[in-house]
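K.L.:
File follows, entry33.pdb with PDB, C-alpha atoms:
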ATOM      1  CA  MET A   1       0.000   0.000   0.000
ATOM      2  CA  THR A   2       1.425   3.386  -0.939
ATOM      3  CA  HIS A   3       1.704   6.256   1.503
ATOM      4  CA  ALA A   4      -1.169   8.072  -0.200
ATOM      5  CA  GLU A   5      -3.405   4.988  -0.038
ATOM      6  CA  GLN A   6      -2.617   4.530   3.665
ATOM      7  CA  THR A   7      -3.410   8.202   4.289
ATOM      8  CA  ILE A   8      -6.758   7.814   2.527
ATOM      9  CA  ALA A   9      -7.532   4.709   4.581
ATOM     10  CA  ASP A  10      -6.638   6.558   7.793
ATOM     11  CA  LEU A  11      -8.814   9.525   6.831
ATOM     12  CA  GLU A  12     -11.754   7.260   5.958
ATOM     13  CA  LYS A  13     -11.398   5.551   9.331
ATOM     14  CA  ARG A  14     -11.445   8.944  11.077
ATOM     15  CA  LEU A  15     -14.494   9.971   9.033
ATOM     16  CA  LYS A  16     -16.365   6.856  10.204
ATOM     17  CA  GLU A  17     -15.498   7.690  13.804
ATOM     18  CA  LEU A  18     -16.791  11.236  13.362
ATOM     19  CA  GLU A  19     -20.028   9.969  11.805
ATOM     20  CA  VAL A  20     -20.588   7.675  14.793
ATOM     21  CA  GLU A  21     -19.903  10.565  17.188
ATOM     22  CA  GLU A  22     -22.304  12.813  15.221
ATOM     23  CA  GLN A  23     -25.040  10.190  15.570
ATOM     24  CA  ARG A  24     -24.402   9.873  19.301
ATOM     25  CA  LEU A  25     -24.666  13.628  19.799
ATOM     26  CA  LYS A  26     -27.855  13.898  17.741
ATOM     27  CA  THR A  27     -29.412  11.072  19.730
ATOM     28  CA  ALA A  28     -28.434  12.779  23.007
ATOM     29  CA  ILE A  29     -29.940  16.080  21.845
ATOM     30  CA  ASN A  30     -33.145  14.328  20.779
ATOM     31  CA  CYS A  31     -33.348  12.588  24.171
ATOM     32  CA  LEU A  32     -32.995  15.899  25.993
ATOM     33  CA  CYS A  33     -35.655  17.451  23.772
ATOM     34  CA  GLU A  34     -37.935  14.534  24.604
ATOM     35  CA  VAL A  35     -37.386  15.004  28.342
ATOM     36  CA  MET A  36     -38.330  18.695  27.944
ATOM     37  CA  ASP A  37     -41.461  17.739  25.923
ATOM     38  CA  LYS A  38     -40.070  19.431  22.823
ATOM     39  CA  PRO A  39     -39.926  18.004  19.302
ATOM     40  CA  HIS A  40     -36.803  16.199  18.170
ATOM     41  CA  ARG A  41     -34.332  18.461  16.411
ATOM     42  CA  TYR A  42     -32.871  15.706  14.233
ATOM     43  CA  GLU A  43     -34.595  13.015  12.247
ATOM     44  CA  GLU A  44     -33.946   9.528  13.511
ATOM     45  CA  THR A  45     -30.840   8.307  11.759
ATOM     46  CA  SER A  46     -30.293   4.985  13.461
ATOM     47  CA  GLN A  47     -30.159   3.248  10.065
ATOM     48  CA  LYS A  48     -27.409   5.638   8.995
ATOM     49  CA  ALA A  49     -25.463   4.892  12.195
ATOM     50  CA  LYS A  50     -25.767   1.153  11.614
ATOM     51  CA  LYS A  51     -24.573   1.575   8.048
ATOM     52  CA  SER A  52     -21.572   3.694   9.060
ATOM     53  CA  THR A  53     -20.428   1.186  11.694
ATOM     54  CA  ARG A  54     -20.919  -1.923   9.549
ATOM     55  CA  THR A  55     -17.737  -3.919   9.146
ATOM     56  CA  ARG A  56     -16.299  -4.382   5.679
ATOM     57  CA  PRO A  57     -15.436  -8.024   4.906
ATOM     58  CA  ASP A  58     -11.774  -7.070   4.348
ATOM     59  CA  GLU A  59     -11.447  -4.379   7.014
ATOM     60  CA  TYR A  60      -9.114  -6.359   9.295
ATOM     61  CA  TYR A  61      -7.570  -8.777   6.805
ATOM     62  CA  GLY A  62      -3.770  -9.058   7.011
ATOM     63  CA  ARG A  63      -3.433  -6.474   9.781
ATOM     64  CA  PRO A  64      -1.866  -6.914  13.248
ATOM     65  CA  GLN A  65      -4.315  -8.465  15.686
ATOM     66  CA  ALA A  66      -3.722  -5.987  18.539
ATOM     67  CA  THR A  67      -4.329  -3.087  16.151
ATOM     68  CA  VAL A  68      -7.650  -4.389  14.877
ATOM     69  CA  ILE A  69      -8.844  -5.354  18.365
ATOM     70  CA  THR A  70      -8.086  -1.803  19.473
ATOM     71  CA  GLU A  71     -10.040  -0.420  16.509
ATOM     72  CA  VAL A  72     -13.046  -2.635  17.270
ATOM     73  CA  LEU A  73     -13.064  -1.582  20.921
ATOM     74  CA  GLU A  74     -12.673   2.099  20.036
ATOM     75  CA  LYS A  75     -15.476   1.831  17.482
ATOM     76  CA  ARG A  76     -17.717   0.252  20.126
ATOM     77  CA  LYS A  77     -16.925   2.981  22.619
ATOM     78  CA  ALA A  78     -17.595   5.711  20.059
ATOM     79  CA  ALA A  79     -20.980   4.112  19.385
ATOM     80  CA  GLY A  80     -21.731   4.133  23.119
ATOM     81  CA  PHE A  81     -21.224   0.413  23.779
ATOM     82  CA  GLY A  82     -17.786   0.130  25.416
ATOM     83  CA  ALA A  83     -16.424  -3.226  26.579
ATOM     84  CA  THR A  84     -17.474  -6.440  24.847
ATOM     85  CA  ASN A  85     -17.448 -10.141  25.534
ATOM     86  CA  LEU A  86     -15.082 -12.509  23.753
ATOM     87  CA  ASP A  87     -17.779 -14.010  21.495
ATOM     88  CA  GLU A  88     -18.871 -10.613  20.119
ATOM     89  CA  LEU A  89     -15.271  -9.526  19.613
ATOM     90  CA  TYR A  90     -14.391 -12.762  17.806
ATOM     91  CA  ASP A  91     -17.476 -12.438  15.573
ATOM     92  CA  GLU A  92     -16.606  -8.839  14.684
ATOM     93  CA  LEU A  93     -13.005  -9.719  13.872
ATOM     94  CA  THR A  94     -13.916 -12.703  11.698
ATOM     95  CA  ALA A  95     -16.590 -10.644   9.915
ATOM     96  CA  GLY A  96     -13.802  -8.207   9.044
ATOM     97  CA  GLY A  97     -11.569 -10.894   7.565
ATOM     98  CA  CYS A  98      -9.325 -11.587  10.559
ATOM     99  CA  LYS A  99      -8.022 -15.162  10.495
ATOM    100  CA  PHE A 100      -7.313 -17.278  13.589
ATOM    101  CA  THR A 101      -5.407 -20.532  13.908
ATOM    102  CA  GLY A 102      -6.929 -23.572  15.536
ATOM    103  CA  LYS A 103      -8.960 -26.674  14.802
ATOM    104  CA  ASN A 104     -12.297 -25.263  15.903
ATOM    105  CA  GLU A 105     -13.960 -22.039  16.973
ATOM    106  CA  GLY A 106     -13.454 -22.740  20.685
ATOM    107  CA  ILE A 107      -9.705 -23.098  20.274
ATOM    108  CA  LYS A 108      -9.567 -19.966  18.123
ATOM    109  CA  LYS A 109     -11.469 -17.960  20.746
ATOM    110  CA  ARG A 110      -9.208 -19.294  23.490
ATOM    111  CA  GLY A 111      -6.168 -18.185  21.483
ATOM    112  CA  LEU A 112      -7.689 -14.723  21.128
ATOM    113  CA  ALA A 113      -8.316 -14.520  24.884
ATOM    114  CA  ILE A 114      -4.754 -15.614  25.657
ATOM    115  CA  SER A 115      -3.308 -13.042  23.245
ATOM    116  CA  MET A 116      -5.381 -10.286  24.817
ATOM    117  CA  SER A 117      -4.520 -11.308  28.367
ATOM    118  CA  LYS A 118      -0.806 -11.109  27.535
ATOM    119  CA  ASN A 119      -1.114  -7.625  26.026
ATOM    120  CA  PRO A 120      -1.139  -4.862  28.681
ATOM    121  CA  LYS A 121      -3.137  -2.664  26.299
ATOM    122  CA  PHE A 122      -6.281  -4.724  26.990
ATOM    123  CA  HIS A 123      -8.151  -5.189  30.251
ATOM    124  CA  LYS A 124     -10.477  -8.000  31.238
ATOM    125  CA  LEU A 125     -13.275  -6.837  33.510
ATOM    126  CA  PRO A 126     -14.726  -8.956  36.324
ATOM    127  CA  ASN A 127     -17.877  -9.543  34.232
ATOM    128  CA  ASN A 128     -15.777 -11.315  31.548
ATOM    129  CA  THR A 129     -15.860  -8.454  29.074
ATOM    130  CA  TRP A 130     -12.844  -6.794  27.481
ATOM    131  CA  GLY A 131     -11.948  -3.134  27.104
ATOM    132  CA  LEU A 132      -8.894  -0.993  26.661
ATOM    133  CA  LYS A 133      -6.745  -0.524  29.773
ATOM    134  CA  SER A 134      -6.742   3.233  29.097
ATOM    135  CA  TRP A 135     -10.505   3.318  29.775
ATOM    136  CA  TYR A 136      -9.956   2.141  33.352
ATOM    137  CA  PRO A 137      -7.138   4.213  34.868
ATOM    138  CA  GLY A 138      -8.034   3.037  38.387
ATOM    139  CA  ALA A 139      -8.061  -0.643  37.460
ATOM    140  CA  LYS A 140      -5.206  -2.757  38.697
ATOM    141  CA  ALA A 141      -3.455  -5.435  36.696
ATOM    142  CA  GLY A 142      -4.438  -9.060  37.302
ATOM    143  CA  LYS A 143      -1.808 -10.155  39.878
ATOM    144  CA  GLU A 144      -1.785  -6.771  41.620
ATOM    145  CA  ALA A 145      -5.595  -6.822  41.900
ATOM    146  CA  ARG A 146      -5.545 -10.398  43.275
ATOM    147  CA  ASP A 147      -2.866  -9.488  45.833
ATOM    148  CA  ASN A 148      -4.809  -6.417  46.977
ATOM    149  CA  ASN A 149      -7.992  -8.474  47.207
ATOM    150  CA  LEU A 150      -6.216 -11.048  49.405
ATOM    151  CA  GLU A 151      -4.862  -8.263  51.606
ATOM    152  CA  GLU A 152      -8.366  -6.791  51.968
ATOM    153  CA  GLN A 153      -9.795 -10.200  52.857
ATOM    154  CA  ALA A 154      -7.048 -10.737  55.443
ATOM    155  CA  GLU A 155      -7.810  -7.346  57.020
ATOM    156  CA  GLU A 156     -11.529  -8.202  57.207
ATOM    157  CA  ILE A 157     -10.748 -11.542  58.853
ATOM    158  CA  LYS A 158      -8.446  -9.815  61.376
ATOM    159  CA  LYS A 159     -11.249  -7.378  62.257
ATOM    160  CA  GLU A 160     -13.737 -10.220  62.679
ATOM    161  CA  VAL A 161     -11.340 -12.165  64.892
ATOM    162  CA  LYS A 162     -10.590  -9.043  66.961
ATOM    163  CA  GLY A 163     -14.359  -8.453  67.330
ATOM    164  CA  LEU A 164     -14.879 -12.036  68.462
ATOM    165  CA  MET A 165     -11.981 -11.778  70.917
ATOM    166  CA  ASP A 166     -13.326  -8.509  72.314
ATOM    167  CA  GLY A 167     -16.753 -10.141  72.673
ATOM    168  CA  MET A 168     -15.257 -13.006  74.661
ATOM    169  CA  LYS A 169     -13.720 -10.669  77.260
TER     170      LYS A 169
END
Would you mind writing the structure in this file as C-alpha coordinates?
P.N.:
Amino acid sequence: MTHAEQTIADLEKRLKELEVEEQRLKTAINCLCEVMDKPHRYEETSQKAKKSTRTRPDEYYGRPQATVITEVLEKRKAAGFGATNLDELYDELTAGGCKFTGKNEGIKKRGLAISMSKNPKFHKLPNNTWGLKSWYPGAKAGKEARDNNLEEQAEEIKKEVKGLMDGMK
(Lines of atoms letter the chains of each structure in order from A and count residues from 1; the text may use other names and numbers.)
(Lines give C-alpha, C1' and ligand atoms only; values in the text may rest on other atoms or scores of the structure.)
Protein backbone atom coordinates (compact mmCIF):
# COMPACT_ATOMS: atom_id res chain seq x y z
CA MET A 1 0.00 0.00 0.00
CA THR A 2 1.43 3.39 -0.94
CA HIS A 3 1.70 6.26 1.50
CA ALA A 4 -1.17 8.07 -0.20
CA GLU A 5 -3.41 4.99 -0.04
CA GLN A 6 -2.62 4.53 3.66
CA THR A 7 -3.41 8.20 4.29
CA ILE A 8 -6.76 7.81 2.53
CA ALA A 9 -7.53 4.71 4.58
CA ASP A 10 -6.64 6.56 7.79
CA LEU A 11 -8.81 9.53 6.83
CA GLU A 12 -11.75 7.26 5.96
CA LYS A 13 -11.40 5.55 9.33
CA ARG A 14 -11.45 8.94 11.08
CA LEU A 15 -14.49 9.97 9.03
CA LYS A 16 -16.36 6.86 10.20
CA GLU A 17 -15.50 7.69 13.80
CA LEU A 18 -16.79 11.24 13.36
CA GLU A 19 -20.03 9.97 11.80
CA VAL A 20 -20.59 7.67 14.79
CA GLU A 21 -19.90 10.57 17.19
CA GLU A 22 -22.30 12.81 15.22
CA GLN A 23 -25.04 10.19 15.57
CA ARG A 24 -24.40 9.87 19.30
CA LEU A 25 -24.67 13.63 19.80
CA LYS A 26 -27.86 13.90 17.74
CA THR A 27 -29.41 11.07 19.73
CA ALA A 28 -28.43 12.78 23.01
CA ILE A 29 -29.94 16.08 21.85
CA ASN A 30 -33.14 14.33 20.78
CA CYS A 31 -33.35 12.59 24.17
CA LEU A 32 -33.00 15.90 25.99
CA CYS A 33 -35.66 17.45 23.77
CA GLU A 34 -37.94 14.53 24.60
CA VAL A 35 -37.39 15.00 28.34
CA MET A 36 -38.33 18.69 27.94
CA ASP A 37 -41.46 17.74 25.92
CA LYS A 38 -40.07 19.43 22.82
CA PRO A 39 -39.93 18.00 19.30
CA HIS A 40 -36.80 16.20 18.17
CA ARG A 41 -34.33 18.46 16.41
CA TYR A 42 -32.87 15.71 14.23
CA GLU A 43 -34.60 13.01 12.25
CA GLU A 44 -33.95 9.53 13.51
CA THR A 45 -30.84 8.31 11.76
CA SER A 46 -30.29 4.98 13.46
CA GLN A 47 -30.16 3.25 10.07
CA LYS A 48 -27.41 5.64 9.00
CA ALA A 49 -25.46 4.89 12.19
CA LYS A 50 -25.77 1.15 11.61
CA LYS A 51 -24.57 1.58 8.05
CA SER A 52 -21.57 3.69 9.06
CA THR A 53 -20.43 1.19 11.69
CA ARG A 54 -20.92 -1.92 9.55
CA THR A 55 -17.74 -3.92 9.15
CA ARG A 56 -16.30 -4.38 5.68
CA PRO A 57 -15.44 -8.02 4.91
CA ASP A 58 -11.77 -7.07 4.35
CA GLU A 59 -11.45 -4.38 7.01
CA TYR A 60 -9.11 -6.36 9.29
CA TYR A 61 -7.57 -8.78 6.80
CA GLY A 62 -3.77 -9.06 7.01
CA ARG A 63 -3.43 -6.47 9.78
CA PRO A 64 -1.87 -6.91 13.25
CA GLN A 65 -4.32 -8.46 15.69
CA ALA A 66 -3.72 -5.99 18.54
CA THR A 67 -4.33 -3.09 16.15
CA VAL A 68 -7.65 -4.39 14.88
CA ILE A 69 -8.84 -5.35 18.37
CA THR A 70 -8.09 -1.80 19.47
CA GLU A 71 -10.04 -0.42 16.51
CA VAL A 72 -13.05 -2.63 17.27
CA LEU A 73 -13.06 -1.58 20.92
CA GLU A 74 -12.67 2.10 20.04
CA LYS A 75 -15.48 1.83 17.48
CA ARG A 76 -17.72 0.25 20.13
CA LYS A 77 -16.93 2.98 22.62
CA ALA A 78 -17.60 5.71 20.06
CA ALA A 79 -20.98 4.11 19.38
CA GLY A 80 -21.73 4.13 23.12
CA PHE A 81 -21.22 0.41 23.78
CA GLY A 82 -17.79 0.13 25.42
CA ALA A 83 -16.42 -3.23 26.58
CA THR A 84 -17.47 -6.44 24.85
CA ASN A 85 -17.45 -10.14 25.53
CA LEU A 86 -15.08 -12.51 23.75
CA ASP A 87 -17.78 -14.01 21.49
CA GLU A 88 -18.87 -10.61 20.12
CA LEU A 89 -15.27 -9.53 19.61
CA TYR A 90 -14.39 -12.76 17.81
CA ASP A 91 -17.48 -12.44 15.57
CA GLU A 92 -16.61 -8.84 14.68
CA LEU A 93 -13.01 -9.72 13.87
CA THR A 94 -13.92 -12.70 11.70
CA ALA A 95 -16.59 -10.64 9.91
CA GLY A 96 -13.80 -8.21 9.04
CA GLY A 97 -11.57 -10.89 7.57
CA CYS A 98 -9.33 -11.59 10.56
CA LYS A 99 -8.02 -15.16 10.50
CA PHE A 100 -7.31 -17.28 13.59
CA THR A 101 -5.41 -20.53 13.91
CA GLY A 102 -6.93 -23.57 15.54
CA LYS A 103 -8.96 -26.67 14.80
CA ASN A 104 -12.30 -25.26 15.90
CA GLU A 105 -13.96 -22.04 16.97
CA GLY A 106 -13.45 -22.74 20.68
CA ILE A 107 -9.71 -23.10 20.27
CA LYS A 108 -9.57 -19.97 18.12
CA LYS A 109 -11.47 -17.96 20.75
CA ARG A 110 -9.21 -19.29 23.49
CA GLY A 111 -6.17 -18.19 21.48
CA LEU A 112 -7.69 -14.72 21.13
CA ALA A 113 -8.32 -14.52 24.88
CA ILE A 114 -4.75 -15.61 25.66
CA SER A 115 -3.31 -13.04 23.25
CA MET A 116 -5.38 -10.29 24.82
CA SER A 117 -4.52 -11.31 28.37
CA LYS A 118 -0.81 -11.11 27.54
CA ASN A 119 -1.11 -7.62 26.03
CA PRO A 120 -1.14 -4.86 28.68
CA LYS A 121 -3.14 -2.66 26.30
CA PHE A 122 -6.28 -4.72 26.99
CA HIS A 123 -8.15 -5.19 30.25
CA LYS A 124 -10.48 -8.00 31.24
CA LEU A 125 -13.27 -6.84 33.51
CA PRO A 126 -14.73 -8.96 36.32
CA ASN A 127 -17.88 -9.54 34.23
CA ASN A 128 -15.78 -11.31 31.55
CA THR A 129 -15.86 -8.45 29.07
CA TRP A 130 -12.84 -6.79 27.48
CA GLY A 131 -11.95 -3.13 27.10
CA LEU A 132 -8.89 -0.99 26.66
CA LYS A 133 -6.74 -0.52 29.77
CA SER A 134 -6.74 3.23 29.10
CA TRP A 135 -10.51 3.32 29.77
CA TYR A 136 -9.96 2.14 33.35
CA PRO A 137 -7.14 4.21 34.87
CA GLY A 138 -8.03 3.04 38.39
CA ALA A 139 -8.06 -0.64 37.46
CA LYS A 140 -5.21 -2.76 38.70
CA ALA A 141 -3.46 -5.43 36.70
CA GLY A 142 -4.44 -9.06 37.30
CA LYS A 143 -1.81 -10.15 39.88
CA GLU A 144 -1.78 -6.77 41.62
CA ALA A 145 -5.59 -6.82 41.90
CA ARG A 146 -5.54 -10.40 43.28
CA ASP A 147 -2.87 -9.49 45.83
CA ASN A 148 -4.81 -6.42 46.98
CA ASN A 149 -7.99 -8.47 47.21
CA LEU A 150 -6.22 -11.05 49.40
CA GLU A 151 -4.86 -8.26 51.61
CA GLU A 152 -8.37 -6.79 51.97
CA GLN A 153 -9.79 -10.20 52.86
CA ALA A 154 -7.05 -10.74 55.44
CA GLU A 155 -7.81 -7.35 57.02
CA GLU A 156 -11.53 -8.20 57.21
CA ILE A 157 -10.75 -11.54 58.85
CA LYS A 158 -8.45 -9.81 61.38
CA LYS A 159 -11.25 -7.38 62.26
CA GLU A 160 -13.74 -10.22 62.68
CA VAL A 161 -11.34 -12.17 64.89
CA LYS A 162 -10.59 -9.04 66.96
CA GLY A 163 -14.36 -8.45 67.33
CA LEU A 164 -14.88 -12.04 68.46
CA MET A 165 -11.98 -11.78 70.92
CA ASP A 166 -13.33 -8.51 72.31
CA GLY A 167 -16.75 -10.14 72.67
CA MET A 168 -15.26 -13.01 74.66
CA LYS A 169 -13.72 -10.67 77.26
K.L.:
Between atom CA of A:Gln65 and atom CA of A:Asn127, what is the spacing in Å?
P.N.:
23.0 Å
K.L.:
In Å, rounded to a single decimal, give me how far atom CA of A:Leu125 is from atom CA of A:Glu152.
P.N.:
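Between atom CA of A:Glu152 and atom CA of A:Leu125 the gap is 19.1 Å.
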K.L.:
For atom CA of A:Ala79 and atom CA of A:Val20, quote the distance in Å rounded to one decimal.
P.N.:
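Going from atom CA of A:Ala79 over to atom CA of A:Val20, I get 5.8 Å.
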K.L.:
Report as a list in words all protein, DNA and RNA residues lying within 6 Å of A:Asp58, evaluated on only C-alpha atoms, omitting residues in the same chain fewer than 2 positions from it.
P.N.:
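Residues meeting the cut-off are Arg56, Tyr60, Tyr61, Gly96 and Gly97 of chain A.
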K.L.:
Rank nothing, just name the residue among A:Lys108, A:Lys140, A:Arg54, A:Lys159 nearest to A:Glu92, using all atoms listed in the file.
P.N.:
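Of all the options, A:Arg54 lies closest to A:Glu92.
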K.L.:
Restricting the calculation to all atoms listed in the file: of A:Ala154, A:Ile69, A:Ile29, A:Ala78, which residue gets closest to A:Asn119?
P.N.:
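Of A:Ala154, A:Ile69, A:Ile29, A:Ala78, the one nearest A:Asn119, counting all atoms listed in the file, is A:Ile69.
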K.L.:
Could you name the residues that touch stretch 128-131 of chain A at 12 Å or less, counting all atoms listed in the file, but leaving out those on the same chain fewer than 6 positions away, as a ChimeraX atom specification?
P.N.:
/A:69-77,81-90,112-113,116-117,119-122,137,139
K.L.:
Find the smallest box with edges along x, y and z containing every listed atom of stretch 83-86 of chain A, then add 5 Å on each side and report centre and edge lengths in Å to one decimal, as AutoDock Vina command-line options.
P.N.:
--center_x -16.3 --center_y -7.9 --center_z 25.2 --size_x 12.4 --size_y 19.3 --size_z 12.8
K.L.:
Measuring between only C-alpha atoms, which one of A:Glu59, A:Glu21, A:Lys109, A:His40 shows the shortest distance to A:Ala9?
P.N.:
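Looking only at the distances to A:Ala9, the closest residue turns out to be A:Glu59.
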K.L.:
To test your reading of the syntax: which residues would the PyMOL selection byres ((chain A and resi 30) around 9) return for the file shown? Reply as a PyMOL selection string.
P.N.:
chain A and resi 25-29+31-35+38-44
K.L.:
So which one's closest to A:Gln23, A:Gly80, A:Pro57, A:Trp135, A:Gly106? Using all atoms listed in the file, please.
P.N.:
A:Gly80
